[in-house]
file data-v2.pdb (PDB, C-alpha atoms and all ligand atoms)
ATOM      1  CA  MET A 565      42.336 161.997 -15.301
ATOM      2  CA  LYS A 566      43.899 161.843 -18.778
ATOM      3  CA  LEU A 567      42.428 163.083 -22.053
ATOM      4  CA  TRP A 568      43.651 162.970 -25.635
ATOM      5  CA  LEU A 569      44.678 166.290 -27.204
ATOM      6  CA  ASP A 570      47.212 167.308 -29.865
ATOM      7  CA  GLY A 571      48.058 163.708 -30.693
ATOM      8  CA  GLY A 572      48.811 162.425 -27.200
ATOM      9  CA  LEU A 573      47.551 161.847 -23.675
ATOM     10  CA  GLN A 574      47.548 164.879 -21.403
ATOM     11  CA  ASP A 575      46.483 165.532 -17.859
ATOM     12  CA  ILE A 576      42.976 167.033 -17.821
ATOM     13  CA  LYS A 577      44.073 169.758 -15.369
ATOM     14  CA  SER A 578      46.849 171.116 -17.583
ATOM     15  CA  ALA A 579      45.388 170.476 -21.082
ATOM     16  CA  ARG A 580      44.830 173.712 -23.019
ATOM     17  CA  VAL A 581      42.731 174.724 -26.012
ATOM     18  CA  SER A 582      42.703 178.230 -27.527
ATOM     19  CA  VAL A 583      40.167 180.671 -26.081
ATOM     20  CA  PHE A 584      39.686 181.793 -29.708
ATOM     21  CA  ASP A 585      38.773 178.329 -30.937
ATOM     22  CA  HIS A 586      35.606 178.607 -33.015
ATOM     23  CA  GLY A 587      34.274 175.459 -31.409
ATOM     24  CA  LEU A 588      34.077 177.529 -28.217
ATOM     25  CA  THR A 589      33.168 180.943 -29.627
ATOM     26  CA  VAL A 590      30.588 180.126 -32.317
ATOM     27  CA  GLY A 591      29.869 176.402 -32.037
ATOM     28  CA  ASP A 592      31.927 175.635 -35.147
ATOM     29  CA  GLY A 593      32.815 172.100 -34.189
ATOM     30  CA  ILE A 594      31.513 168.550 -34.234
ATOM     31  CA  PHE A 595      31.340 165.758 -31.727
ATOM     32  CA  GLU A 596      30.478 162.142 -31.034
ATOM     33  CA  THR A 597      29.510 160.388 -27.819
ATOM     34  CA  VAL A 598      30.592 156.757 -27.881
ATOM     35  CA  LYS A 599      29.563 154.058 -25.421
ATOM     36  CA  ALA A 600      32.342 151.925 -23.951
ATOM     37  CA  VAL A 601      31.788 148.546 -22.317
ATOM     38  CA  ASP A 602      34.673 147.026 -20.345
ATOM     39  CA  GLY A 603      37.099 149.308 -22.154
ATOM     40  CA  ARG A 604      35.754 148.501 -25.629
ATOM     41  CA  PRO A 605      34.064 151.198 -27.719
ATOM     42  CA  PHE A 606      30.643 150.344 -29.140
ATOM     43  CA  ALA A 607      29.950 150.845 -32.877
ATOM     44  CA  LEU A 608      33.077 152.983 -33.231
ATOM     45  CA  THR A 609      33.278 152.645 -37.018
ATOM     46  CA  ARG A 610      29.738 154.013 -37.338
ATOM     47  CA  HIS A 611      30.609 156.916 -35.035
ATOM     48  CA  LEU A 612      33.741 157.709 -37.043
ATOM     49  CA  ASP A 613      31.778 157.621 -40.314
ATOM     50  CA  ARG A 614      29.323 160.113 -38.832
ATOM     51  CA  LEU A 615      32.184 162.276 -37.531
ATOM     52  CA  THR A 616      33.548 162.481 -41.085
ATOM     53  CA  ARG A 617      30.089 163.269 -42.483
ATOM     54  CA  SER A 618      29.624 166.032 -39.902
ATOM     55  CA  ALA A 619      33.098 167.464 -40.704
ATOM     56  CA  ARG A 620      32.303 167.538 -44.414
ATOM     57  CA  GLY A 621      28.927 169.139 -43.720
ATOM     58  CA  LEU A 622      30.665 171.968 -41.844
ATOM     59  CA  GLY A 623      33.360 172.210 -44.541
ATOM     60  CA  LEU A 624      36.092 171.075 -42.151
ATOM     61  CA  PRO A 625      38.998 168.916 -43.347
ATOM     62  CA  ASP A 626      38.340 165.216 -42.744
ATOM     63  CA  PRO A 627      39.364 164.238 -39.213
ATOM     64  CA  ASP A 628      42.336 161.870 -38.944
ATOM     65  CA  LEU A 629      40.391 158.741 -38.006
ATOM     66  CA  ASP A 630      43.539 156.762 -37.142
ATOM     67  CA  GLU A 631      44.360 159.422 -34.610
ATOM     68  CA  VAL A 632      40.822 159.350 -33.224
ATOM     69  CA  ARG A 633      40.988 155.552 -32.867
ATOM     70  CA  ARG A 634      44.357 155.804 -31.112
ATOM     71  CA  GLY A 635      42.927 158.530 -28.888
ATOM     72  CA  CYS A 636      39.899 156.419 -27.932
ATOM     73  CA  ALA A 637      42.074 153.393 -27.129
ATOM     74  CA  ALA A 638      44.538 155.456 -25.088
ATOM     75  CA  VAL A 639      41.817 157.266 -23.120
ATOM     76  CA  LEU A 640      40.009 154.006 -22.389
ATOM     77  CA  GLU A 641      43.213 152.433 -21.174
ATOM     78  CA  ALA A 642      44.039 155.431 -18.982
ATOM     79  CA  ASN A 643      40.483 155.704 -17.565
ATOM     80  CA  PRO A 644      39.112 152.195 -16.925
ATOM     81  CA  MET A 645      35.280 152.107 -16.998
ATOM     82  CA  SER A 646      33.014 149.072 -17.008
ATOM     83  CA  LEU A 647      30.171 151.088 -18.593
ATOM     84  CA  GLY A 648      31.157 154.545 -19.697
ATOM     85  CA  ARG A 649      31.173 157.082 -22.479
ATOM     86  CA  LEU A 650      33.825 158.785 -24.566
ATOM     87  CA  ARG A 651      33.329 162.180 -26.083
ATOM     88  CA  ILE A 652      35.207 163.006 -29.277
ATOM     89  CA  THR A 653      35.312 166.696 -30.222
ATOM     90  CA  TYR A 654      36.853 168.195 -33.374
ATOM     91  CA  THR A 655      36.678 171.916 -33.999
ATOM     92  CA  GLY A 656      37.120 174.600 -36.635
ATOM     93  CA  GLY A 657      40.217 176.048 -34.935
ATOM     94  CA  HIS A 658      40.951 179.759 -34.680
ATOM     95  CA  GLY A 659      41.658 180.922 -38.245
ATOM     96  CA  PRO A 660      39.479 183.524 -40.009
ATOM     97  CA  LEU A 661      35.796 182.551 -39.839
ATOM     98  CA  GLY A 662      34.365 181.239 -43.076
ATOM     99  CA  SER A 663      37.831 180.801 -44.623
ATOM    100  CA  ASP A 664      38.708 178.042 -47.045
ATOM    101  CA  ARG A 665      39.052 175.551 -44.207
ATOM    102  CA  GLY A 666      42.547 174.187 -44.786
ATOM    103  CA  GLU A 667      42.874 174.378 -41.004
ATOM    104  CA  HIS A 668      41.102 172.749 -38.147
ATOM    105  CA  GLY A 669      41.297 172.942 -34.373
ATOM    106  CA  PRO A 670      42.069 170.298 -31.800
ATOM    107  CA  THR A 671      40.925 166.688 -31.823
ATOM    108  CA  LEU A 672      39.925 165.917 -28.280
ATOM    109  CA  VAL A 673      38.907 162.603 -26.693
ATOM    110  CA  VAL A 674      37.602 162.740 -23.127
ATOM    111  CA  ALA A 675      36.242 159.977 -20.876
ATOM    112  CA  LEU A 676      32.872 161.034 -19.443
ATOM    113  CA  GLY A 677      33.252 158.587 -16.576
ATOM    114  CA  GLU A 678      31.371 155.569 -15.327
ATOM    115  CA  THR A 679      27.630 155.712 -16.108
ATOM    116  CA  GLN A 680      24.643 153.888 -14.683
ATOM    117  CA  ARG A 681      22.339 151.962 -16.958
ATOM    118  CA  ARG A 682      19.323 154.215 -17.558
ATOM    119  CA  PRO A 683      15.925 153.388 -16.019
ATOM    120  CA  ASP A 684      13.735 151.254 -18.292
ATOM    121  CA  SER A 685      11.255 154.086 -18.799
ATOM    122  CA  THR A 686      11.119 157.854 -18.644
ATOM    123  CA  ALA A 687       8.865 160.892 -19.140
ATOM    124  CA  VAL A 688       9.158 163.248 -22.130
ATOM    125  CA  ILE A 689       7.606 166.540 -23.144
ATOM    126  CA  THR A 690       7.022 168.134 -26.517
ATOM    127  CA  VAL A 691       8.324 171.648 -27.105
ATOM    128  CA  PRO A 692       6.866 174.403 -29.309
ATOM    129  CA  TRP A 693      10.189 175.065 -31.074
ATOM    130  CA  THR A 694      10.833 173.370 -34.397
ATOM    131  CA  ARG A 695      13.703 171.451 -35.944
ATOM    132  CA  ASN A 696      14.603 172.796 -39.360
ATOM    133  CA  GLU A 697      14.604 169.863 -41.744
ATOM    134  CA  ARG A 698      16.342 171.927 -44.452
ATOM    135  CA  GLY A 699      19.006 173.876 -42.543
ATOM    136  CA  ALA A 700      22.729 173.953 -43.229
ATOM    137  CA  LEU A 701      23.309 171.969 -40.035
ATOM    138  CA  THR A 702      20.448 169.493 -40.423
ATOM    139  CA  GLY A 703      21.637 165.984 -39.656
ATOM    140  CA  LEU A 704      25.099 167.114 -38.517
ATOM    141  CA  LYS A 705      26.331 166.450 -35.003
ATOM    142  CA  THR A 706      27.754 169.890 -34.330
ATOM    143  CA  THR A 707      28.661 171.566 -31.067
ATOM    144  CA  SER A 708      25.911 174.153 -31.792
ATOM    145  CA  TYR A 709      23.625 172.444 -29.298
ATOM    146  CA  ALA A 710      22.289 175.374 -27.294
ATOM    147  CA  GLU A 711      18.749 174.957 -28.660
ATOM    148  CA  ASN A 712      18.809 171.390 -27.365
ATOM    149  CA  VAL A 713      20.053 172.590 -24.000
ATOM    150  CA  VAL A 714      17.151 175.075 -23.699
ATOM    151  CA  ALA A 715      14.617 172.368 -24.580
ATOM    152  CA  LEU A 716      16.212 169.877 -22.200
ATOM    153  CA  ALA A 717      16.079 172.424 -19.376
ATOM    154  CA  ARG A 718      12.341 172.808 -19.987
ATOM    155  CA  ALA A 719      11.953 169.021 -19.838
ATOM    156  CA  HIS A 720      13.808 168.895 -16.532
ATOM    157  CA  GLN A 721      11.621 171.693 -15.115
ATOM    158  CA  GLN A 722       8.588 169.541 -15.930
ATOM    159  CA  GLY A 723       9.956 166.355 -14.398
ATOM    160  CA  ALA A 724      10.842 164.793 -17.755
ATOM    161  CA  SER A 725      14.202 163.651 -19.073
ATOM    162  CA  GLU A 726      13.791 164.511 -22.755
ATOM    163  CA  ALA A 727      12.084 167.052 -24.998
ATOM    164  CA  LEU A 728      10.761 166.119 -28.436
ATOM    165  CA  PHE A 729      10.719 168.443 -31.447
ATOM    166  CA  ALA A 730       8.471 168.510 -34.479
ATOM    167  CA  ASN A 731       9.947 169.884 -37.713
ATOM    168  CA  THR A 732       8.756 172.987 -39.561
ATOM    169  CA  VAL A 733       5.908 171.085 -41.243
ATOM    170  CA  GLY A 734       4.571 169.634 -37.991
ATOM    171  CA  GLN A 735       6.045 166.168 -38.279
ATOM    172  CA  LEU A 736       7.579 164.337 -35.362
ATOM    173  CA  CYS A 737      11.365 164.665 -35.597
ATOM    174  CA  GLU A 738      13.582 163.745 -32.613
ATOM    175  CA  GLY A 739      14.606 164.581 -29.069
ATOM    176  CA  THR A 740      17.388 166.867 -27.882
ATOM    177  CA  GLY A 741      19.762 163.912 -27.735
ATOM    178  CA  SER A 742      17.744 160.945 -28.897
ATOM    179  CA  ASN A 743      15.643 159.553 -31.722
ATOM    180  CA  VAL A 744      12.014 158.647 -31.200
ATOM    181  CA  PHE A 745      10.018 155.543 -32.119
ATOM    182  CA  VAL A 746       6.280 154.842 -31.839
ATOM    183  CA  VAL A 747       4.255 151.637 -31.975
ATOM    184  CA  LEU A 748       1.083 151.754 -34.105
ATOM    185  CA  ASP A 749      -1.062 148.651 -34.618
ATOM    186  CA  GLY A 750       1.789 146.604 -33.170
ATOM    187  CA  GLU A 751       4.345 147.903 -35.709
ATOM    188  CA  ILE A 752       7.343 150.078 -34.924
ATOM    189  CA  HIS A 753       7.806 153.375 -36.774
ATOM    190  CA  THR A 754      10.379 156.147 -36.596
ATOM    191  CA  PRO A 755      10.620 159.440 -38.499
ATOM    192  CA  PRO A 756      12.771 159.267 -41.660
ATOM    193  CA  LEU A 757      16.065 161.188 -41.885
ATOM    194  CA  ALA A 758      14.271 163.663 -44.185
ATOM    195  CA  SER A 759      12.331 164.806 -41.093
ATOM    196  CA  GLY A 760      15.560 166.545 -40.072
ATOM    197  CA  CYS A 761      16.563 164.160 -37.307
ATOM    198  CA  LEU A 762      20.118 163.090 -36.637
ATOM    199  CA  ALA A 763      21.110 159.760 -38.158
ATOM    200  CA  GLY A 764      21.378 158.209 -34.707
ATOM    201  CA  ILE A 765      23.533 155.134 -34.495
ATOM    202  CA  THR A 766      21.212 153.486 -31.974
ATOM    203  CA  ARG A 767      18.326 154.400 -34.301
ATOM    204  CA  ALA A 768      20.026 152.705 -37.267
ATOM    205  CA  LEU A 769      20.756 149.539 -35.271
ATOM    206  CA  THR A 770      17.194 149.486 -33.920
ATOM    207  CA  VAL A 771      15.768 149.805 -37.438
ATOM    208  CA  GLU A 772      18.070 146.986 -38.638
ATOM    209  CA  TRP A 773      17.384 144.666 -35.725
ATOM    210  CA  THR A 774      13.624 145.202 -35.272
ATOM    211  CA  GLY A 775      12.518 145.951 -38.828
ATOM    212  CA  ALA A 776      11.070 149.308 -37.694
ATOM    213  CA  LYS A 777       9.658 151.339 -40.584
ATOM    214  CA  GLU A 778      10.731 154.884 -41.429
ATOM    215  CA  THR A 779       7.467 156.807 -41.710
ATOM    216  CA  ASP A 780       6.407 160.456 -41.807
ATOM    217  CA  LEU A 781       4.477 160.893 -38.575
ATOM    218  CA  PRO A 782       2.477 163.940 -37.450
ATOM    219  CA  LEU A 783       3.413 165.199 -33.984
ATOM    220  CA  ASP A 784      -0.012 164.201 -32.641
ATOM    221  CA  VAL A 785       0.843 160.541 -33.231
ATOM    222  CA  LEU A 786       2.162 160.811 -29.670
ATOM    223  CA  GLU A 787      -1.440 161.155 -28.469
ATOM    224  CA  ARG A 788      -2.471 157.790 -29.909
ATOM    225  CA  ALA A 789       0.639 155.608 -30.199
ATOM    226  CA  GLU A 790       0.339 152.366 -28.257
ATOM    227  CA  GLU A 791       3.949 152.642 -27.131
ATOM    228  CA  VAL A 792       6.705 155.245 -27.468
ATOM    229  CA  PHE A 793      10.427 154.776 -26.965
ATOM    230  CA  LEU A 794      13.683 156.690 -27.340
ATOM    231  CA  THR A 795      17.041 155.532 -28.665
ATOM    232  CA  SER A 796      20.483 157.015 -28.091
ATOM    233  CA  THR A 797      24.003 156.138 -27.108
ATOM    234  CA  LEU A 798      23.220 157.276 -23.556
ATOM    235  CA  ARG A 799      19.864 155.504 -23.295
ATOM    236  CA  ASP A 800      20.157 152.494 -25.651
ATOM    237  CA  ILE A 801      16.401 151.815 -25.966
ATOM    238  CA  GLN A 802      14.334 153.500 -23.285
ATOM    239  CA  ALA A 803      10.555 153.270 -23.016
ATOM    240  CA  VAL A 804       8.422 156.388 -22.471
ATOM    241  CA  HIS A 805       5.778 156.271 -19.717
ATOM    242  CA  ARG A 806       4.516 159.840 -20.093
ATOM    243  CA  VAL A 807       4.303 162.285 -23.014
ATOM    244  CA  ASP A 808       3.249 165.719 -21.751
ATOM    245  CA  GLU A 809       0.006 164.963 -19.852
ATOM    246  CA  ARG A 810      -0.557 161.548 -21.432
ATOM    247  CA  GLU A 811       0.347 158.545 -19.297
ATOM    248  CA  LEU A 812       1.438 155.314 -20.974
ATOM    249  CA  PRO A 813       0.931 152.879 -18.122
ATOM    250  CA  GLY A 814       2.897 149.664 -18.132
ATOM    251  CA  ALA A 815       5.801 151.053 -20.174
ATOM    252  CA  PRO A 816       7.853 149.316 -21.474
ATOM    253  CA  GLY A 817       4.987 147.714 -23.376
ATOM    254  CA  PRO A 818       5.440 144.351 -25.072
ATOM    255  CA  VAL A 819       6.808 145.646 -28.396
ATOM    256  CA  THR A 820       9.302 147.986 -26.717
ATOM    257  CA  ALA A 821      10.341 145.303 -24.239
ATOM    258  CA  LYS A 822      11.076 142.938 -27.122
ATOM    259  CA  ALA A 823      13.086 145.633 -28.941
ATOM    260  CA  MET A 824      15.090 146.231 -25.739
ATOM    261  CA  ARG A 825      15.850 142.516 -25.437
ATOM    262  CA  VAL A 826      16.923 142.255 -29.084
ATOM    263  CA  PHE A 827      19.107 145.333 -28.720
ATOM    264  CA  ASP A 828      20.815 143.996 -25.590
ATOM    265  CA  GLU A 829      21.397 140.587 -27.163
ATOM    266  CA  ARG A 830      22.773 141.880 -30.459
ATOM    267  CA  SER A 831      24.757 144.881 -29.321
ATOM    268  CA  GLY A 832      27.642 142.779 -27.959
ATOM    269  CA  ASP A 833      28.560 142.064 -31.605
ATOM    270  CA  ASP A 834      29.276 145.731 -32.290
ATOM    271  CA  LEU A 835      31.960 146.151 -29.632
ATOM    272  CA  ASP A 836      35.384 146.942 -31.025
ATOM    273  CA  PRO A 837      37.978 144.277 -30.213
TER     274      PRO A 837
HETATM  275  N1  LIG B 901      19.467 163.114 -32.002
HETATM  276  C1  LIG B 901      20.290 164.023 -31.470
HETATM  277  C2  LIG B 901      20.004 165.468 -31.669
HETATM  278  C3  LIG B 901      21.418 163.605 -30.737
HETATM  279  O1  LIG B 901      22.248 164.511 -30.218
HETATM  280  C4  LIG B 901      21.638 162.232 -30.540
HETATM  281  C5  LIG B 901      22.784 161.747 -29.769
HETATM  282  O2  LIG B 901      23.462 162.431 -29.091
HETATM  283  C6  LIG B 901      20.749 161.318 -31.109
HETATM  284  C7  LIG B 901      19.675 161.790 -31.844
HETATM  285  C8  LIG B 901      20.965 159.836 -30.922
HETATM  286  O3  LIG B 901      22.085 159.406 -31.659
HETATM  287  P1  LIG B 901      22.971 158.173 -31.216
HETATM  288  O4  LIG B 901      22.089 156.990 -31.177
HETATM  289  O5  LIG B 901      24.001 158.074 -32.286
HETATM  290  O6  LIG B 901      23.552 158.492 -29.881
END
call {"tool": "encode", "arguments": {"input": "data-v2.pdb", "output": "structure tokens"}}
result
Amino acid sequence: MKLWLDGGLQDIKSARVSVFDHGLTVGDGIFETVKAVDGRPFALTRHLDRLTRSARGLGLPDPDLDEVRRGCAAVLEANPMSLGRLRITYTGGHGPLGSDRGEHGPTLVVALGETQRRPDSTAVITVPWTRNERGALTGLKTTSYAENVVALARAHQQGASEALFANTVGQLCEGTGSNVFVVLDGEIHTPPLASGCLAGITRALTVEWTGAKETDLPLDVLERAEEVFLTSTLRDIQAVHRVDERELPGAPGPVTAKAMRVFDERSGDDLDP
């Protein structure tokens, strides 16, 4: 298998990154996961915009987006996938920590392999840990994801596939790797970016294509919402059939099912040529 590193394709078995790279040692790096359909990346420009925003948020030099595009194209050509994912990683390198950031580490593009379309619905849990809506890393897609990994492990232990966080003021925020939407009185709502959630690309497209409203929502909205669904690059739109102990029979409900149809129909337009 081939990956992109140091400006060219390399064999995954012999590719090397520094053991001192801060992306590895302290999570000083950023990443993107990009869907690819028949060798074409989905919404790549949006992912690259977010990569640049995350780099700036960490104080890293802007990534070379031409290189990242070339890397994505080369990796997709070398690793044919009908439905797959690419992971782009860009790190702080191995200079002094907290320095003036003239330097950066490797730009890496890896194919995550062929993926199955996710089931139409899934179970989620809520976790007692909070997302900080005012932290230095809020809204950045950094490689400091260990808190998400701990929450996801708890979800898996409880037979769920995602864990949802509230923020420090008790408002619904997001999942470990997804954004969350609820249906109230037939209308779709999702927490605003000020809740501390990541500006998910699937979230943004869902808001655009369904007219979902961005609304501050208390965590306990999950106890009364008519429907709940998740959005992410890995899930597209996925209905929720259980939140903690609460069953949501019949998921996907009618509003979610319509959103899923709209998403499937429109998303072909966002494939890169
Ligand atoms: N929230 C978090 C914390 C994420 O890590 C992700 C994606 O990985 C999302 C939301 C969903 O974002 P996207 O739709 O861009 O995949």
call {"tool": "closest_residue", "arguments": {"input": "data-v2.pdb", "among": "A:Ala579, A:Ala727, A:Val713, A:Leu794", "to": "Thr754 of chain A", "atoms": "all atoms listed in the file"}}
result
A:Leu794
call {"tool": "axis_aligned_box", "arguments": {"input": "data-v2.pdb", "around": "ligand LIG 901 (chain B)", "padding_each_side": "4 Å", "output": "JSON"}}
result
{"center_x": 21.7, "center_y": 161.2, "center_z": -30.7, "size_x": 12.5, "size_y": 16.5, "size_z": 11.2}
call {"tool": "closest_residue", "arguments": {"input": "data-v2.pdb", "among": "A:Val688, A:Ala789, A:Ile801, A:Ala637", "to": "Gln722 of chain A", "atoms": "all atoms listed in the file"}}
result
A:Val688
call {"tool": "residues_around", "arguments": {"input": "data-v2.pdb", "residues": "Phe584 of chain A", "least_positions_apart": "4", "cutoff": "10 Å", "atoms": "only C-alpha atoms", "output": "JSON, numbers by chain"}}
result
{"A": [588, 589, 590, 657, 658, 659]}
call {"tool": "write_last_selection", "arguments": {"input": "data-v2.pdb", "atoms": "C-alpha atoms", "output": "mmCIF file, in the coordinates of the input"}}
result
data_model
loop_
_atom_site.group_PDB
_atom_site.id
_atom_site.type_symbol
_atom_site.label_atom_id
_atom_site.label_comp_id
_atom_site.auth_asym_id
_atom_site.auth_seq_id
_atom_site.Cartn_x
_atom_site.Cartn_y
_atom_site.Cartn_z
ATOM 1 C CA LEU A 588 34.077 177.529 -28.217
ATOM 2 C CA THR A 589 33.168 180.943 -29.627
ATOM 3 C CA VAL A 590 30.588 180.126 -32.317
ATOM 4 C CA GLY A 657 40.217 176.048 -34.935
ATOM 5 C CA HIS A 658 40.951 179.759 -34.680
ATOM 6 C CA GLY A 659 41.658 180.922 -38.245
#
call {"tool": "resolve_selection", "arguments": {"input": "data-v2.pdb", "expression": "the PyMOL selection byres (((not hetatm)) within 8 of (chain B and resi 901))", "output": "list in words"}}
result
Glu596, Thr597, Val598, His611, Lys705, Asn712, Glu738, Gly739, Thr740, Gly741, Ser742, Asn743, Cys761, Leu762, Ala763, Gly764, Ile765, Thr766, Arg767, Ala768, Thr795, Ser796, Thr797, Leu798 and Asp800 of chain A
call {"tool": "resolve_selection", "arguments": {"input": "data-v2.pdb", "expression": "the PyMOL selection byres (((chain A and resi 627) around 10) and not hetatm)", "output": "JSON list (two decimals) with C-alpha atoms, in the coordinates of the input"}}
result
[["chain", "number", "residue", "atom", "x", "y", "z"],
["A", 612, "LEU", "CA", 33.74, 157.71, -37.04],
["A", 615, "LEU", "CA", 32.18, 162.28, -37.53],
["A", 616, "THR", "CA", 33.55, 162.48, -41.08],
["A", 617, "ARG", "CA", 30.09, 163.27, -42.48],
["A", 618, "SER", "CA", 29.62, 166.03, -39.90],
["A", 619, "ALA", "CA", 33.10, 167.46, -40.70],
["A", 620, "ARG", "CA", 32.30, 167.54, -44.41],
["A", 624, "LEU", "CA", 36.09, 171.08, -42.15],
["A", 625, "PRO", "CA", 39.00, 168.92, -43.35],
["A", 626, "ASP", "CA", 38.34, 165.22, -42.74],
["A", 628, "ASP", "CA", 42.34, 161.87, -38.94],
["A", 629, "LEU", "CA", 40.39, 158.74, -38.01],
["A", 630, "ASP", "CA", 43.54, 156.76, -37.14],
["A", 631, "GLU", "CA", 44.36, 159.42, -34.61],
["A", 632, "VAL", "CA", 40.82, 159.35, -33.22],
["A", 654, "TYR", "CA", 36.85, 168.20, -33.37],
["A", 655, "THR", "CA", 36.68, 171.92, -34.00],
["A", 668, "HIS", "CA", 41.10, 172.75, -38.15],
["A", 670, "PRO", "CA", 42.07, 170.30, -31.80],
["A", 671, "THR", "CA", 40.92, 166.69, -31.82]]
call {"tool": "closest_residue", "arguments": {"input": "data-v2.pdb", "among": "A:Glu678, A:Asp684, A:Asp602, A:Asp833", "to": "Arg799 of chain A", "atoms": "all atoms listed in the file"}}
result
A:Asp684
call {"tool": "closest_residue", "arguments": {"input": "data-v2.pdb", "among": "A:Gly832, A:Ala687, A:Thr774, A:Gly723", "to": "Glu811 of chain A", "atoms": "all atoms listed in the file"}}
result
A:Ala687
call {"tool": "atom_distance", "arguments": {"input": "data-v2.pdb", "atom1": "atom CA of Leu647 of chain A", "atom2": "atom CA of Ser578 of chain A"}}
result
26.1 Å
call {"tool": "atom_distance", "arguments": {"input": "data-v2.pdb", "atom1": "atom CA of Arg614 of chain A", "atom2": "atom CA of Leu704 of chain A"}}
result
8.2 Å
call {"tool": "resolve_selection", "arguments": {"input": "data-v2.pdb", "expression": "the PyMOL selection byres (((chain A and resi 787) around 10) and not hetatm)", "output": "JSON, numbers by chain"}}
result
{"A": [783, 784, 785, 786, 788, 789, 790, 807, 808, 809, 810, 811, 812]}
call {"tool": "atom_distance", "arguments": {"input": "data-v2.pdb", "atom1": "atom CA of Leu573 of chain A", "atom2": "atom CA of His586 of chain A"}}
result
22.6 Å
call {"tool": "closest_residue", "arguments": {"input": "data-v2.pdb", "among": "A:Arg580, A:Arg681, A:Thr694, A:Arg651", "to": "Gly669 of chain A", "atoms": "only C-alpha atoms"}}
result
A:Arg580
